[in-house]
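Trainee: Supplied in C-alpha cells, the structure appears directly below.
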Amino acid sequence: MIDLVLIGIGTGNPDHVTFQGAQAIRTADLILIPRKGANKTDLAGVREEIIRKVTDTPPQIAYFDIPERRSQEGYLRGVDEWHDIIALRWQEAMARHPEARTVALLIWGDPSLYDSSLRIAARLDPQPNTTVIPGITALQALTAAHAMPINEIGAPYLVTTGRRLRDEGWPSAADTVAVMLDGECSFQILDMADFDIWWGAYVGMPEQILIKGPLADVADEILRTRAEARARHGWIMDIYILKKRGN
C-alpha cells in the first residue's frame with residue numbers, strides 16, 4: 001500500500017513549512033508537483049524551492065499537468081469530473097515510479113480549507129494510507145499581514161467563496177465574511193458603503209500586496225491593482241475579509 005502524505009506548505013513563503021512538514025518532505029520517496037501552464041511556473045518553482053531548502057538530498061520528483069476544468073455541465077459536475085482526471089494524473093505519475101512507497105504532495109495553504117486534495121485522494125484505486133500535515137492557510141496569512149483579528153469578541157465569522165457571494169448575496173446572519181476563490185471581485189455586488197475590506201494578494205510571498213479601508217473608497221484601487229498584478233505575474237491568488245461597518 002502507498003503512504004500518501006499531503007503536506008500543507010502555507011502561502012508561498014518557505015518559512016511557513018513546519019518542522020513536521022519538512023521532515024515529511026525529507027523522508028518521502030517521491031514528491032508529485034503539479035504544473036498549471038506556462039504562466040504559472042512560479043507555483044511549481046515555489047514547491048521546488050521549499051524542497052531545496054529543507055533537504056540537501058531531495059527525493060525524486062514527478063510532475064503532472066493539471067487539466068482545464070470544464071463547466072458546460074454545471075459547476076459541481078464540472079468539478080467532480082475535473083477531480084476524476086486529476087486523480088488519474090496522480091496515478092499515472094506514481095506508476096512511473098513503482099518503487100516509491102511514500103508519496104508526498106505539497107499543498108498550497110492547508111489541505112483542509114478550500115482544497116480538493118483529500119477528495120482527489122479518495123478517488124485513487126487502490127486507496128492509499130493518507131496522512132495530512134497541516135499548514136498555514138491564506139486566511140491566517142491575511143489576518144497576520146494586516147495585524148487584525150478576524151472575529152469580534154465572542155462572535156462568529158463565515159468563510160465562503162466568491163461564487164456564493166455573487167449567487168446568494170451577503171449572508172444574512174453574518175457580520176464578518178472571509179471570501180476565497182474569487183476571480184471576479186464579487187464584493188462589487190454589495191452596497192459598498194456598508195462594508196470595510198481587508199484584501200491581500202500573494203500573501204506571505206515577497207510579492208505580497210495589501211489594501212484595506214472602507215470598501216467604497218478602495219474598491220477601484222483593488223480592481224486596478226489586481227488586474228495589474230495578474231498581468232505582471234501571469235497568475236494571482238488573493239483573499240479578502242469584509243466586515244459590516246459599525247461592527
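Starting from 1 in every chain, residues are counted up; chains themselves are A, B, ... following the order of the C-alpha cells, and ligands are numbered from 1 as listed.
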Determine, for each residue of range 1-21 of chain A having at least one atom at most 12 Å from an atom of range 140-164 of chain A, the closest pair of atoms and their separation in Å to one decimal, counting only C-alpha atoms; order by chain and ascending number, as a tab-separated table.
Mentor:
```
residue	atom	partner	partner_atom	distance
A:Ile9	CA	A:Ala141	CA	11.9
A:Gly10	CA	A:Ala141	CA	8.2
A:Thr11	CA	A:Ala141	CA	7.3
A:Gly12	CA	A:Ala141	CA	10.2
A:Asn13	CA	A:Ala141	CA	10.0
A:His16	CA	A:Ala141	CA	9.5
```
Trainee: Residues within 9 Å of range 195-209 of chain A, please, as a ChimeraX atom specification. Count only C-alpha atoms; anything in the same chain fewer than 3 positions from it doesn't count.
Mentor: /A:10-14,16,138,141-143,145-146,190-192,212-216,218-219,222,225-226,229,236-246
Trainee: At a cut-off of 12 Å, using only C-alpha atoms, what residues contact range 121-132 of chain A? Leave out same-chain residues fewer than 5 positions from it and give the result as an NGL selection string.
Mentor: :A and (1-9 or 20-21 or 24 or 80-92 or 94-95 or 101-107 or 110-112 or 115-116)
Trainee: When DSSP is applied to the backbone of this structure, which of range 2-121 of chain A are assigned alpha helix (DSSP H)? Write them out as a short mmCIF file (atom, residue, chain, number, x, y, z; two decimals) with C-alpha atoms, in the first residue's frame.
Mentor:
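The result, stored in out.cif:
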```cif
data_model
loop_
_atom_site.label_atom_id
_atom_site.label_comp_id
_atom_site.auth_asym_id
_atom_site.auth_seq_id
_atom_site.Cartn_x
_atom_site.Cartn_y
_atom_site.Cartn_z
CA PHE A 19 9.23 21.09 11.20
CA GLN A 20 6.77 18.22 10.75
CA GLY A 21 6.24 19.17 7.12
CA ALA A 22 9.97 19.46 6.48
CA GLN A 23 10.58 16.03 7.97
CA ALA A 24 7.86 14.54 5.77
CA ILE A 25 9.50 16.06 2.69
CA ARG A 26 12.87 14.63 3.66
CA THR A 27 11.52 11.10 4.20
CA THR A 41 5.50 28.17 -13.47
CA ASP A 42 6.13 30.21 -10.29
CA LEU A 43 3.82 27.84 -8.41
CA ALA A 44 5.93 24.80 -9.25
CA GLY A 45 9.05 26.87 -8.57
CA VAL A 46 7.93 27.68 -5.03
CA ARG A 47 7.48 23.98 -4.31
CA GLU A 48 10.92 23.21 -5.75
CA GLU A 49 12.45 25.97 -3.62
CA ILE A 50 10.87 24.54 -0.49
CA ILE A 51 12.24 21.09 -1.25
CA ARG A 52 15.73 22.52 -1.79
CA LYS A 53 15.52 24.48 1.44
CA VAL A 54 14.58 21.58 3.72
CA TYR A 75 -20.19 23.88 -11.62
CA LEU A 76 -20.43 20.87 -9.31
CA ARG A 77 -20.41 18.30 -12.10
CA GLY A 78 -17.51 20.09 -13.75
CA VAL A 79 -15.50 19.99 -10.52
CA ASP A 80 -16.36 16.33 -9.96
CA GLU A 81 -15.14 15.34 -13.42
CA TRP A 82 -12.05 17.52 -13.01
CA HIS A 83 -11.15 15.70 -9.79
CA ASP A 84 -11.52 12.34 -11.56
CA ILE A 85 -8.99 13.43 -14.20
CA ILE A 86 -6.53 14.80 -11.64
CA ALA A 87 -6.71 11.54 -9.66
CA LEU A 88 -5.82 9.70 -12.87
CA ARG A 89 -2.85 12.06 -13.40
CA TRP A 90 -1.66 11.28 -9.87
CA GLN A 91 -1.90 7.55 -10.51
CA GLU A 92 -0.06 7.85 -13.82
CA ALA A 93 2.75 9.83 -12.16
CA MET A 94 3.08 7.29 -9.34
CA ALA A 95 3.01 4.39 -11.81
CA SER A 117 -6.55 17.10 -2.42
CA LEU A 118 -8.35 14.88 0.10
CA ARG A 119 -11.29 14.44 -2.26
CA ILE A 120 -8.92 13.54 -5.09
CA ALA A 121 -7.03 11.09 -2.86
#
```
